[in-house]
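Colleague: Here you go, this is coords-v4.cif (mmCIF, C-alpha atoms).
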data_query
#
loop_
_atom_site.label_atom_id
_atom_site.label_comp_id
_atom_site.auth_asym_id
_atom_site.auth_seq_id
_atom_site.Cartn_x
_atom_site.Cartn_y
_atom_site.Cartn_z
CA MET A 592 16.57 -29.98 -31.16
CA LYS A 593 15.13 -32.65 -33.39
CA CYS A 594 11.44 -33.11 -34.08
CA THR A 595 10.13 -36.41 -32.69
CA ASN A 596 7.87 -36.82 -35.75
CA CYS A 597 9.84 -35.61 -38.82
CA GLY A 598 13.38 -35.41 -37.43
CA SER A 599 13.89 -31.76 -38.51
CA ASP A 600 16.09 -29.43 -36.49
CA PHE A 601 14.42 -26.41 -34.77
CA ALA A 602 14.99 -24.16 -31.77
CA SER A 603 14.19 -25.86 -28.45
CA ASP A 604 12.06 -22.89 -27.13
CA GLN A 605 9.59 -23.18 -30.07
CA LEU A 606 6.25 -24.66 -28.96
CA LYS A 607 5.64 -26.45 -32.33
CA CYS A 608 7.87 -27.97 -35.08
CA PRO A 609 7.96 -25.35 -37.92
CA TYR A 610 7.97 -28.18 -40.53
CA CYS A 611 5.34 -30.66 -39.37
CA GLY A 612 3.53 -28.77 -36.55
CA THR A 613 4.14 -31.41 -33.88
CA VAL A 614 3.82 -29.97 -30.35
CA ASN A 615 7.12 -29.57 -28.52
CA GLU A 616 6.15 -31.09 -25.11
CA HIS A 617 9.34 -29.95 -23.46
CA ALA A 618 8.86 -26.27 -24.45
CA LEU A 619 5.17 -26.44 -23.54
CA LYS A 620 6.03 -27.75 -20.07
CA LEU A 621 8.59 -25.01 -19.62
CA ALA A 622 6.12 -22.33 -20.77
CA LYS A 623 3.48 -23.53 -18.29
CA GLU A 624 6.03 -23.59 -15.48
CA LEU A 625 7.14 -20.10 -16.43
CA GLN A 626 3.52 -18.89 -16.37
CA THR A 627 3.07 -20.35 -12.88
CA TYR A 628 6.29 -18.72 -11.69
CA ASP A 629 5.22 -15.40 -13.18
CA ALA A 630 1.85 -15.52 -11.40
CA ALA A 631 3.51 -16.51 -8.10
CA TYR A 632 6.05 -13.76 -8.56
CA GLU A 633 3.36 -11.15 -9.22
CA GLN A 634 1.40 -12.31 -6.18
CA LYS A 635 4.48 -12.22 -3.96
CA ARG A 636 5.41 -8.78 -5.29
CA GLU A 637 1.94 -7.43 -4.50
CA GLU A 638 2.08 -8.96 -1.03
CA LEU A 639 5.50 -7.48 -0.36
CA LEU A 640 4.42 -4.05 -1.62
CA GLU A 641 1.32 -4.13 0.56
CA THR A 642 3.22 -5.21 3.66
CA GLY A 643 6.06 -2.77 2.98
CA THR A 644 3.74 0.18 2.56
CA ASN A 645 1.92 -0.75 5.71
CA GLN A 646 5.19 -0.99 7.59
CA VAL A 647 6.31 2.41 6.29
CA LEU A 648 2.95 3.99 7.17
CA LYS A 649 3.00 2.38 10.58
CA HIS A 650 6.47 3.77 11.35
CA LEU A 651 5.51 7.14 9.90
CA THR A 652 2.36 7.31 12.05
CA VAL A 653 4.19 6.38 15.23
CA ARG A 654 7.13 8.72 14.60
CA LEU A 655 4.93 11.58 13.47
CA GLY A 656 2.77 11.09 16.55
CA VAL A 657 5.80 11.09 18.84
CA VAL A 658 7.36 14.16 17.18
CA PHE A 659 4.08 16.11 17.22
CA LEU A 660 3.43 15.14 20.82
CA ALA A 661 6.93 16.23 21.81
CA ILE A 662 6.54 19.59 20.05
CA VAL A 663 3.09 20.13 21.57
CA LEU A 664 4.31 19.27 25.08
CA PHE A 665 7.34 21.52 24.64
CA SER A 666 5.19 24.40 23.40
CA PHE A 667 2.72 24.12 26.27
CA GLY A 668 5.60 23.83 28.71
CA PHE A 669 7.20 26.93 27.22
CA ILE A 670 3.96 28.89 27.47
CA ALA A 671 3.48 27.78 31.09
CA PHE A 672 7.04 28.77 31.93
CA TYR A 673 6.74 32.11 30.14
CA SER A 674 3.52 33.06 31.93
CA TYR A 675 5.01 31.99 35.27
CA ARG A 676 8.30 33.79 34.74
CA PHE A 677 7.08 36.97 33.05
CA GLY A 678 3.34 37.11 33.91
CA VAL A 679 2.30 40.28 35.70
CA ARG A 680 0.72 38.69 38.76
CA SER A 681 2.47 35.32 38.61
CA PRO A 682 3.76 33.84 41.89
CA TYR A 683 7.32 34.17 40.57
CA GLN A 684 6.92 37.93 40.38
CA VAL A 685 5.77 38.36 43.97
CA ARG A 686 7.55 35.74 46.06
CA GLY A 687 10.76 35.90 48.07
CA GLU A 688 12.68 39.15 48.06
CA ARG A 689 10.24 40.81 45.69
CA TYR A 690 7.38 40.14 48.10
CA VAL A 691 9.33 41.62 51.02
CA LYS A 692 10.27 44.65 48.93
CA ASN A 693 6.68 45.11 47.75
CA LYS A 694 5.38 44.94 51.32
CA GLU A 695 7.92 47.54 52.44
CA GLN A 696 7.03 49.76 49.50
CA LEU A 697 3.32 49.36 50.19
CA ALA A 698 3.82 50.27 53.86
CA HIS A 699 5.83 53.31 52.75
CA TYR A 700 3.08 54.49 50.39
CA MET A 701 0.43 54.00 53.07
CA ASP A 702 2.49 55.99 55.58
CA GLU A 703 2.99 58.74 53.00
CA LYS A 704 -0.79 58.72 52.37
CA GLN A 705 -0.21 57.84 48.73
CA TYR A 706 -3.22 55.57 48.85
CA ILE A 707 -3.91 55.24 45.14
CA ARG A 708 -0.31 54.37 44.46
CA ALA A 709 -0.39 51.78 47.25
CA TYR A 710 -3.54 50.29 45.76
CA LEU A 711 -1.92 50.10 42.32
CA LEU A 712 1.14 48.35 43.75
CA ALA A 713 -0.96 45.83 45.67
CA SER A 714 -3.28 45.17 42.77
CA ARG A 715 -0.35 44.66 40.38
CA THR A 716 1.64 42.36 42.65
CA ASP A 717 -1.10 40.21 44.14
CA PRO A 718 -1.94 36.95 42.35
CA THR A 719 -5.46 37.19 43.83
CA GLY A 720 -5.98 40.60 42.20
CA GLU A 721 -8.42 42.79 44.07
CA HIS A 722 -8.75 40.32 46.97
CA PHE A 723 -5.36 41.46 48.31
CA GLU A 724 -4.64 38.13 49.98
CA ASN A 725 -0.92 38.81 49.63
CA TYR A 726 -1.28 41.84 51.88
CA PRO A 727 -3.74 40.74 54.57
CA GLU A 728 -2.85 43.54 56.99
CA TYR A 729 -3.87 46.15 54.40
CA ALA A 730 -6.65 44.20 52.67
CA GLU A 731 -9.53 46.21 54.16
CA ASP A 732 -7.88 49.56 53.49
CA LEU A 733 -6.97 48.56 49.97
CA THR A 734 -10.55 47.51 49.24
CA ASP A 735 -11.70 50.92 50.44
CA ILE A 736 -9.11 52.62 48.26
CA TYR A 737 -10.25 50.53 45.30
CA THR A 738 -13.88 51.67 45.65
CA TYR A 739 -12.68 55.22 46.32
CA CYS A 740 -10.73 55.08 43.04
CA LEU A 741 -13.93 54.16 41.20
CA VAL A 742 -15.67 57.18 42.70
CA LEU A 743 -12.73 59.46 41.98
CA THR A 744 -12.34 58.39 38.35
CA SER A 745 -16.03 58.97 37.68
CA VAL A 746 -15.82 62.43 39.26
CA LEU A 747 -12.71 63.27 37.22
CA GLN A 748 -14.34 62.07 34.01
CA SER A 749 -17.36 64.17 34.83
CA MET A 750 -15.14 67.21 35.43
CA ASP A 751 -13.31 66.61 32.14
CA SER A 752 -16.62 66.66 30.31
CA MET A 753 -17.59 69.80 32.17
CA ASP A 754 -14.32 71.49 31.19
CA ALA A 755 -14.80 70.39 27.59
CA GLY A 756 -18.11 72.30 27.56
CA ASP A 757 -20.41 69.27 27.39
CA ASN A 758 -23.56 68.90 29.41
CA TYR A 759 -23.03 68.38 33.11
CA PRO A 760 -22.55 64.64 33.68
CA SER A 761 -24.35 64.61 36.99
CA LEU A 762 -24.82 61.96 39.65
CA GLY A 763 -26.13 59.00 37.65
CA ASP A 764 -27.30 55.61 38.89
CA THR A 765 -23.89 54.02 38.33
CA GLU A 766 -22.03 56.69 40.30
CA LEU A 767 -24.63 56.58 43.07
CA THR A 768 -24.34 52.79 43.36
CA THR A 769 -20.53 53.03 43.49
CA ILE A 770 -20.74 55.65 46.23
CA GLN A 771 -23.25 53.54 48.17
CA ILE A 772 -20.92 50.53 47.93
CA PHE A 773 -18.03 52.71 49.09
CA TYR A 774 -19.97 53.89 52.15
CA SER A 775 -21.44 50.47 53.01
CA TYR A 776 -18.48 48.10 52.75
CA GLY A 777 -14.89 47.92 53.85
CA GLY A 778 -13.01 48.83 56.99
CA LYS A 779 -13.54 51.41 59.67
CA GLY A 780 -9.94 52.53 60.09
CA GLU A 781 -8.23 55.87 59.65
CA VAL A 782 -7.80 55.38 55.92
CA LYS A 783 -11.52 54.83 55.46
CA LYS A 784 -12.28 57.96 57.48
CA GLU A 785 -9.98 60.06 55.29
CA LEU A 786 -11.47 58.65 52.13
CA VAL A 787 -15.02 59.18 53.38
CA GLN A 788 -14.13 62.83 53.96
CA GLU A 789 -12.86 63.06 50.39
CA VAL A 790 -16.01 61.49 48.93
CA ASP A 791 -18.17 63.70 51.16
CA GLY A 792 -16.27 66.64 49.71
CA TYR A 793 -17.02 65.58 46.12
CA LEU A 794 -20.68 65.01 46.90
CA LYS A 795 -21.01 68.33 48.67
CA ASN A 796 -18.85 70.58 46.55
CA TYR A 797 -19.25 69.02 43.12
CA TYR A 798 -22.62 67.24 43.07
CA ARG A 799 -24.06 69.91 45.42
CA LEU A 800 -25.63 67.59 47.99
CA THR A 801 -26.33 68.96 51.48
CA ASP A 802 -24.79 67.49 54.66
CA GLU A 803 -28.16 66.07 55.64
CA GLU A 804 -28.55 64.37 52.25
CA ILE A 805 -25.06 62.88 52.47
CA GLU A 806 -25.80 61.48 55.92
CA ARG A 807 -29.05 60.02 54.58
CA LEU A 808 -27.17 58.41 51.71
CA LYS A 809 -24.66 56.88 54.14
CA ALA A 810 -27.43 55.44 56.31
CA LEU A 811 -29.37 54.06 53.34
CA GLY A 812 -30.17 50.34 53.70
CA THR A 813 -30.11 47.70 50.96
CA GLY A 814 -32.98 48.11 48.51
CA GLU A 815 -33.97 51.53 49.85
CA GLN A 816 -34.50 54.35 47.38
CA PHE A 817 -32.42 57.48 47.77
CA THR A 818 -34.36 60.67 47.11
CA LEU A 819 -33.51 64.34 46.74
CA ASP A 820 -36.20 66.94 47.48
CA GLY A 821 -38.70 64.08 47.63
CA SER A 822 -37.87 62.91 44.13
CA ALA A 823 -36.01 59.81 42.89
CA ASP A 824 -34.68 61.71 39.87
CA ILE A 825 -31.22 62.19 41.39
CA GLU A 826 -29.63 62.86 38.02
CA GLY A 827 -32.03 65.63 37.10
CA ILE A 828 -31.90 67.36 40.49
CA THR A 829 -28.10 67.25 40.80
CA LYS A 830 -27.84 68.53 37.23
CA GLU A 831 -30.04 71.51 38.09
CA ARG A 832 -28.06 72.25 41.22
CA MET A 833 -24.70 71.96 39.43
CA GLU A 834 -25.84 74.21 36.60
CA GLU A 835 -27.06 76.75 39.10
CA TYR A 836 -23.86 76.66 41.16
CA PHE A 837 -21.25 76.40 38.41
CA GLY A 838 -23.09 78.91 36.30
CA LYS A 839 -23.85 77.26 33.07
CA MET B 425 -35.19 -20.43 3.52
CA GLU B 426 -35.86 -17.11 5.19
CA ALA B 427 -33.16 -14.51 4.83
CA ARG B 428 -31.56 -13.82 8.17
CA ILE B 429 -31.17 -10.24 9.26
CA SER B 430 -28.06 -9.60 11.32
CA LYS B 431 -28.78 -8.15 14.74
CA VAL B 432 -25.43 -6.50 14.75
CA SER B 433 -25.66 -3.08 13.17
CA PRO B 434 -22.84 -2.12 10.83
CA LYS B 435 -20.09 -0.02 12.39
CA ARG B 436 -20.15 3.60 11.48
CA GLY B 437 -17.97 6.65 11.84
CA TRP B 438 -14.32 6.92 12.71
CA LYS B 439 -14.35 3.68 14.70
CA ASN B 440 -15.19 1.88 11.49
CA ILE B 441 -12.15 3.39 9.85
CA LEU B 442 -9.80 2.72 12.74
CA GLU B 443 -10.98 -0.82 13.32
CA SER B 444 -11.55 -3.75 11.08
CA ARG B 445 -13.58 -2.52 8.15
CA ALA B 446 -11.05 -0.21 6.59
CA GLY B 447 -7.80 -1.31 5.06
CA ASN B 448 -4.60 -0.87 6.99
CA LYS B 449 -3.41 1.98 4.80
CA THR B 450 -6.57 4.00 5.33
CA LYS B 451 -6.22 3.56 9.07
CA TYR B 452 -2.72 5.06 9.04
CA TYR B 453 -3.69 7.86 6.67
CA VAL B 454 -6.57 8.81 8.97
CA LEU B 455 -4.29 8.76 12.00
CA ILE B 456 -1.65 10.91 10.26
CA ILE B 457 -4.27 13.46 9.17
CA LEU B 458 -5.74 13.45 12.68
CA PHE B 459 -2.32 14.04 14.28
CA THR B 460 -1.54 16.82 11.85
CA VAL B 461 -4.84 18.62 12.38
CA LEU B 462 -4.58 18.36 16.17
CA PHE B 463 -0.96 19.47 16.00
CA PHE B 464 -1.80 22.61 14.06
CA ILE B 465 -4.72 23.39 16.40
CA CYS B 466 -2.38 23.12 19.41
CA MET B 467 0.29 25.19 17.68
CA ALA B 468 -2.24 27.88 16.77
CA PHE B 469 -3.40 28.01 20.39
CA CYS B 470 0.20 28.24 21.65
CA PHE B 471 1.03 30.93 19.10
CA VAL B 472 -1.93 33.10 20.05
CA ARG B 473 -1.21 32.64 23.76
CA PHE B 474 2.45 33.46 23.27
CA VAL B 475 1.69 36.58 21.24
CA LYS B 476 -0.67 37.75 23.99
CA LEU B 477 1.86 37.02 26.75
CA ALA B 478 4.67 38.71 24.85
CA HIS B 479 2.44 41.73 24.21
CA ASP B 480 1.46 41.93 27.89
CA HIS B 481 5.08 41.58 28.93
CA LYS B 482 6.08 44.41 26.61
CA VAL B 483 3.20 46.67 27.63
CA ASN B 484 3.89 46.11 31.32
CA SER B 485 7.58 46.80 31.05
CA LEU B 486 8.79 49.92 32.83
CA SER B 487 10.34 51.48 29.72
CA TYR B 488 7.18 51.02 27.67
CA ARG B 489 4.99 52.56 30.38
CA MET B 490 7.39 55.45 30.79
CA GLU B 491 7.33 56.11 27.04
CA SER B 492 3.56 55.84 27.04
CA LEU B 493 3.29 58.36 29.88
CA GLN B 494 5.60 60.80 28.12
CA LEU B 495 3.62 60.39 24.91
CA ASP B 496 0.39 61.10 26.81
CA GLU B 497 1.98 64.20 28.30
CA THR B 498 2.98 65.41 24.85
CA MET B 499 -0.41 64.71 23.33
CA PHE B 500 -2.83 65.67 26.10
CA GLY B 501 -0.76 67.79 28.45
CA VAL B 502 0.50 67.19 31.98
CA GLU B 503 -3.08 67.17 33.30
CA HIS B 504 -3.38 63.72 31.84
CA ASP B 505 -0.62 62.38 34.12
CA PHE B 506 -2.94 61.09 36.80
CA SER B 507 -5.08 59.11 34.37
CA SER B 508 -1.99 57.61 32.73
CA LEU B 509 -0.46 56.63 36.05
CA TYR B 510 -3.71 55.16 37.29
CA PHE B 511 -4.71 53.20 34.22
CA ASN B 512 -1.19 51.93 33.45
CA TYR B 513 -0.50 50.89 37.07
CA ASP B 514 2.62 53.05 37.27
CA TYR B 515 3.39 52.67 40.96
CA GLU B 516 7.19 52.31 40.80
CA GLU B 517 9.74 54.75 42.21
CA GLU B 518 10.66 55.83 38.69
CA PHE B 519 7.32 57.66 38.51
CA ASP B 520 7.87 59.70 41.70
CA GLU B 521 8.02 62.99 39.84
CA HIS B 522 4.77 62.28 38.02
CA TRP B 523 3.00 61.19 41.20
CA ALA B 524 4.08 64.38 42.95
CA PHE B 525 2.56 66.38 40.14
CA SER B 526 -0.59 64.25 40.12
CA ASP B 527 -1.11 64.90 43.83
CA ALA B 528 -0.79 68.62 43.12
CA TYR B 529 -3.26 68.28 40.25
CA LEU B 530 -5.77 66.46 42.49
CA ALA B 531 -5.32 69.20 45.10
CA TYR B 532 -6.13 71.75 42.38
CA ILE B 533 -9.23 69.78 41.35
CA LYS B 534 -10.44 69.60 44.94
CA GLY B 535 -9.61 73.25 45.50
CA LYS B 536 -11.46 74.26 42.35
CA ILE B 537 -14.78 72.91 43.66
CA SER B 538 -14.25 73.74 47.35
CA GLU B 539 -15.27 76.90 49.11
CA ASP B 540 -12.29 76.73 51.46
CA LYS B 541 -9.33 76.65 49.10
CA THR B 542 -6.60 77.30 51.70
CA PRO B 543 -5.39 73.71 52.31
CA TYR B 544 -5.18 73.09 48.58
CA ILE B 545 -3.31 76.34 47.98
CA GLU B 546 -0.84 75.26 50.69
CA GLU B 547 -0.45 71.87 49.02
CA LEU B 548 0.27 73.49 45.68
CA LYS B 549 2.78 75.85 47.25
CA ALA B 550 4.52 72.89 48.91
CA TYR B 551 4.71 71.20 45.53
CA LEU B 552 6.14 74.31 43.89
CA ASP B 553 8.92 74.44 46.52
CA THR B 554 10.34 71.23 45.10
CA ALA B 555 8.90 71.42 41.58
CA PRO B 556 11.16 70.01 38.87
CA GLY B 557 10.55 72.89 36.47
CA GLY B 558 9.33 72.63 32.90
CA GLU B 559 5.74 72.05 31.92
CA LYS B 560 4.77 70.64 35.30
CA GLU B 561 5.92 73.64 37.28
CA LYS B 562 4.31 75.98 34.77
CA ALA B 563 1.01 74.13 35.06
CA ALA B 564 1.21 74.07 38.88
CA ARG B 565 1.79 77.86 38.94
CA GLN B 566 -1.29 78.31 36.78
CA TYR B 567 -3.32 76.13 39.15
CA LEU B 568 -2.13 78.17 42.12
CA GLU B 569 -2.98 81.44 40.41
CA GLU B 570 -6.41 80.14 39.55
CA LEU B 571 -7.11 79.01 43.11
CA GLU B 572 -5.83 82.27 44.54
CA GLY B 573 -8.10 84.08 42.13
CA ARG B 574 -5.33 86.07 40.55
#
Please express the file's structure as structure tokens.
Modeller:
Amino acid sequence: MKCTNCGSDFASDQLKCPYCGTVNEHALKLAKELQTYDAAYEQKREELLETGTNQVLKHLTVRLGVVFLAIVLFSFGFIAFYSYRFGVRSPYQVRGERYVKNKEQLAHYMDEKQYIRAYLLASRTDPTGEHFENYPEYAEDLTDIYTYCLVLTSVLQSMDSMDAGDNYPSLGDTELTTIQIFYSYGGKGEVKKELVQEVDGYLKNYYRLTDEEIERLKALGTGEQFTLDGSADIEGITKERMEEYFGK
Amino acid sequence: MEARISKVSPKRGWKNILESRAGNKTKYYVLIILFTVLFFICMAFCFVRFVKLAHDHKVNSLSYRMESLQLDETMFGVEHDFSSLYFNYDYEEEFDEHWAFSDAYLAYIKGKISEDKTPYIEELKAYLDTAPGGEKEKAARQYLEELEGR
């Protein structure tokens, strides 16, 4: 282009004439416009980036939330199904044909006088555990068998220790309480009578209690102290008697 | 002019982040982190629960209990049968043989401490009539001999 002052030729994008220094108004105007466009462009770019990132994050949050929620719900559902389908005392395991079969089996064990086995079956297949609500007709007997099992296991443990050559594990407070519970609660049927005879046998033959003492123990009220030879030291006295009888 | 003190207290805590005071990005980051943490807590809970259920299922299976009973027999002898049956809840028909022996063992225990051993000797003899042989029969014969005082 030509300079408006000296008439020299110079490039149109130069801001001043290289010969006389006159300002090129046209180039200056263009430069200012370009600067404005640049600023607007930068601002728009920032705005778009901000909005875009927010949009991406928003979608990510929602999708991640949905996916996590789905996985969590599925996992909890799976756990619930697994415990229902394969759980030991779950309703699935004891309803329908299984329940009928279990009842028949339980009746068979009771008839055969396999009481402990009957108790194990009932306990394992009843969702209410030791309440035996699944087997109401045997509930009382099963409760008696349960307490009898506690007595029996403590006697067997005691005998094991005796055989192993340890000190005589005599009739302690725990065993005495269990026996008292056995005598006090439960049914009054034939099963209970048989089990009472068994426990009487252990008390008489193993713990060396007399018939009179056993009867006194049976008649003992709540909160009353059981004594042997006028003493409350049941453990010590039974220990002496056992040592004397079994010869240790 | 007196400086006015705002009666509205500034928002604090996670509400501040989730509501107006934080930028949008921070809000989403917090939510993502929150989801992730809760997700892993739930997954850890499910994993532990599943492991426990699977373990229980395995332990309660018939084959596992049978193996456990046989292992107990090998390690502690047939006398341990009753304890194994009782504590593992082995009530099924598959354990018939072991229950028969356990009854004989309990008869021996009762006989051992009783003065009148006759009913227990009879019970042991009845068991020996149908005894399956092996260790159990051998043990039952020993019990009988002991009760008879031979």
Colleague: Once the PyMOL selection byres ((chain B) within 6 of (chain A)) has been evaluated on this model, what residues remain selected, and can you format them as a PyMOL selection string?
Modeller: chain B and resi 456+513+515+537-538
Colleague: Suppose you want the space between atom CA of A:Gly780 and atom CA of A:Asp735; what is it in Å?
Modeller: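 Pair atom CA of A:Gly780 / atom CA of A:Asp735 returns 9.9 Å.
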Colleague: First collect every listed atom of stretch 539-548 of chain B; then fit an axis-aligned box around them, widen it by 4 Å on each side, and give centre and edge lengths in Å to one decimal, as lines of an AutoDock Vina configuration file.
Modeller:
center_x = -7.5
center_y = 74.6
center_z = 49.0
size_x = 23.5
size_y = 13.4
size_z = 14.6
Colleague: Would you write out, as a ChimeraX atom specification, every residue that the PyMOL selection byres ((chain A and resi 612) around 12) captures in this file?
Modeller: /A:594-599,601,605-611,613-616
Colleague: Expressed in Å to a single decimal, how great is the separation between atom CA of A:Pro718 and atom CA of A:Arg680?
Modeller: 4.8 Å
Colleague: Work out how far apart atom CA of A:Glu695 and atom CA of B:Asn512 are and give it in Å to one decimal.
Modeller: 21.5 Å
Colleague: Check what the PyMOL selection byres ((chain B and resi 493) around 10) selects in the file above and give those residues as an mmCIF file with C-alpha atoms, in the coordinates of the input.
Modeller:
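Output contents, as saved in out_5.cif:
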data_model
loop_
_atom_site.group_PDB
_atom_site.id
_atom_site.type_symbol
_atom_site.label_atom_id
_atom_site.label_comp_id
_atom_site.auth_asym_id
_atom_site.auth_seq_id
_atom_site.Cartn_x
_atom_site.Cartn_y
_atom_site.Cartn_z
ATOM 1 C CA SER B 487 10.340 51.480 29.720
ATOM 2 C CA TYR B 488 7.180 51.020 27.670
ATOM 3 C CA ARG B 489 4.990 52.560 30.380
ATOM 4 C CA MET B 490 7.390 55.450 30.790
ATOM 5 C CA GLU B 491 7.330 56.110 27.040
ATOM 6 C CA SER B 492 3.560 55.840 27.040
ATOM 7 C CA GLN B 494 5.600 60.800 28.120
ATOM 8 C CA LEU B 495 3.620 60.390 24.910
ATOM 9 C CA ASP B 496 0.390 61.100 26.810
ATOM 10 C CA GLU B 497 1.980 64.200 28.300
ATOM 11 C CA THR B 498 2.980 65.410 24.850
ATOM 12 C CA MET B 499 -0.410 64.710 23.330
ATOM 13 C CA VAL B 502 0.500 67.190 31.980
ATOM 14 C CA HIS B 504 -3.380 63.720 31.840
ATOM 15 C CA ASP B 505 -0.620 62.380 34.120
ATOM 16 C CA PHE B 506 -2.940 61.090 36.800
ATOM 17 C CA SER B 507 -5.080 59.110 34.370
ATOM 18 C CA SER B 508 -1.990 57.610 32.730
ATOM 19 C CA LEU B 509 -0.460 56.630 36.050
ATOM 20 C CA ASN B 512 -1.190 51.930 33.450
ATOM 21 C CA ASP B 514 2.620 53.050 37.270
ATOM 22 C CA PHE B 519 7.320 57.660 38.510
ATOM 23 C CA HIS B 522 4.770 62.280 38.020
#
Colleague: Write out as an NGL selection string each polymer residue whose atoms come within 10 Å of B:Pro556, counting all atoms listed in the file; drop sequence neighbours fewer than 5 positions from it.
Modeller: :B and (521 or 524-525 or 551 or 561-562)
Colleague: Considering all atoms listed in the file, return as a list in words whatever protein or nucleic-acid residues lie within 7 Å of stretch 727-733 of chain A, sequence-local ones (same chain, fewer than 3 positions apart) excluded.
Modeller: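 Listing them by chain and then by number gives Tyr710, Phe723, Glu724, Ile736, Tyr737, Gly777, Gly778, Val782 and Lys783 of chain A.
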Colleague: Looking at all atoms listed in the file, which of A:Ser745, A:Asn693, A:Asn725, A:Thr813 is the one that sits closest to A:Thr769?
Modeller: A:Ser745
Colleague: Could you tell me which of A:Tyr632, A:Glu624, A:Asp754, A:Gly687 comes closest to B:Lys536 if we count only C-alpha atoms?
Modeller: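 Of A:Tyr632, A:Glu624, A:Asp754, A:Gly687, the one nearest B:Lys536 is A:Asp754, counting only C-alpha atoms.
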Colleague: Would you save stretch 498-509 of chain B to a file, keeping N, CA, C and O atoms, as a PDB file, in the first residue's frame?
Modeller:
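Just written: decode.pdb:
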ATOM      1  N   THR B 498      -9.589 -91.404  62.971  1.00  0.00           N
ATOM      2  CA  THR B 498      -8.175 -91.733  62.758  1.00  0.00           C
ATOM      3  C   THR B 498      -7.293 -91.098  63.818  1.00  0.00           C
ATOM      4  O   THR B 498      -6.362 -91.710  64.328  1.00  0.00           O
ATOM      5  N   MET B 499      -7.615 -89.846  64.154  1.00  0.00           N
ATOM      6  CA  MET B 499      -6.736 -89.120  65.080  1.00  0.00           C
ATOM      7  C   MET B 499      -6.968 -89.482  66.541  1.00  0.00           C
ATOM      8  O   MET B 499      -6.032 -89.616  67.312  1.00  0.00           O
ATOM      9  N   PHE B 500      -8.254 -89.575  66.931  1.00  0.00           N
ATOM     10  CA  PHE B 500      -8.556 -89.762  68.356  1.00  0.00           C
ATOM     11  C   PHE B 500      -9.147 -91.122  68.697  1.00  0.00           C
ATOM     12  O   PHE B 500      -9.462 -91.384  69.852  1.00  0.00           O
ATOM     13  N   GLY B 501      -9.402 -91.923  67.692  1.00  0.00           N
ATOM     14  CA  GLY B 501      -9.992 -93.241  67.957  1.00  0.00           C
ATOM     15  C   GLY B 501     -11.503 -93.210  67.836  1.00  0.00           C
ATOM     16  O   GLY B 501     -12.115 -92.139  67.808  1.00  0.00           O
ATOM     17  N   VAL B 502     -12.096 -94.409  67.806  1.00  0.00           N
ATOM     18  CA  VAL B 502     -13.547 -94.505  67.620  1.00  0.00           C
ATOM     19  C   VAL B 502     -14.331 -93.973  68.817  1.00  0.00           C
ATOM     20  O   VAL B 502     -15.509 -93.646  68.689  1.00  0.00           O
ATOM     21  N   GLU B 503     -13.681 -93.863  69.968  1.00  0.00           N
ATOM     22  CA  GLU B 503     -14.357 -93.331  71.161  1.00  0.00           C
ATOM     23  C   GLU B 503     -14.819 -91.894  70.930  1.00  0.00           C
ATOM     24  O   GLU B 503     -15.716 -91.414  71.610  1.00  0.00           O
ATOM     25  N   HIS B 504     -14.164 -91.249  70.001  1.00  0.00           N
ATOM     26  CA  HIS B 504     -14.483 -89.843  69.743  1.00  0.00           C
ATOM     27  C   HIS B 504     -15.717 -89.681  68.856  1.00  0.00           C
ATOM     28  O   HIS B 504     -16.184 -88.565  68.625  1.00  0.00           O
ATOM     29  N   ASP B 505     -16.258 -90.800  68.381  1.00  0.00           N
ATOM     30  CA  ASP B 505     -17.399 -90.749  67.448  1.00  0.00           C
ATOM     31  C   ASP B 505     -18.575 -89.938  67.985  1.00  0.00           C
ATOM     32  O   ASP B 505     -19.151 -89.122  67.276  1.00  0.00           O
ATOM     33  N   PHE B 506     -18.920 -90.204  69.253  1.00  0.00           N
ATOM     34  CA  PHE B 506     -20.107 -89.544  69.796  1.00  0.00           C
ATOM     35  C   PHE B 506     -19.942 -88.025  69.796  1.00  0.00           C
ATOM     36  O   PHE B 506     -20.833 -87.289  69.356  1.00  0.00           O
ATOM     37  N   SER B 507     -18.779 -87.566  70.251  1.00  0.00           N
ATOM     38  CA  SER B 507     -18.534 -86.119  70.279  1.00  0.00           C
ATOM     39  C   SER B 507     -18.620 -85.523  68.883  1.00  0.00           C
ATOM     40  O   SER B 507     -19.219 -84.463  68.685  1.00  0.00           O
ATOM     41  N   SER B 508     -18.014 -86.220  67.905  1.00  0.00           N
ATOM     42  CA  SER B 508     -18.037 -85.716  66.527  1.00  0.00           C
ATOM     43  C   SER B 508     -19.460 -85.630  66.005  1.00  0.00           C
ATOM     44  O   SER B 508     -19.858 -84.620  65.422  1.00  0.00           O
ATOM     45  N   LEU B 509     -20.219 -86.694  66.235  1.00  0.00           N
ATOM     46  CA  LEU B 509     -21.602 -86.716  65.752  1.00  0.00           C
ATOM     47  C   LEU B 509     -22.414 -85.606  66.397  1.00  0.00           C
ATOM     48  O   LEU B 509     -23.175 -84.907  65.740  1.00  0.00           O
TER      49      LEU B 509
END
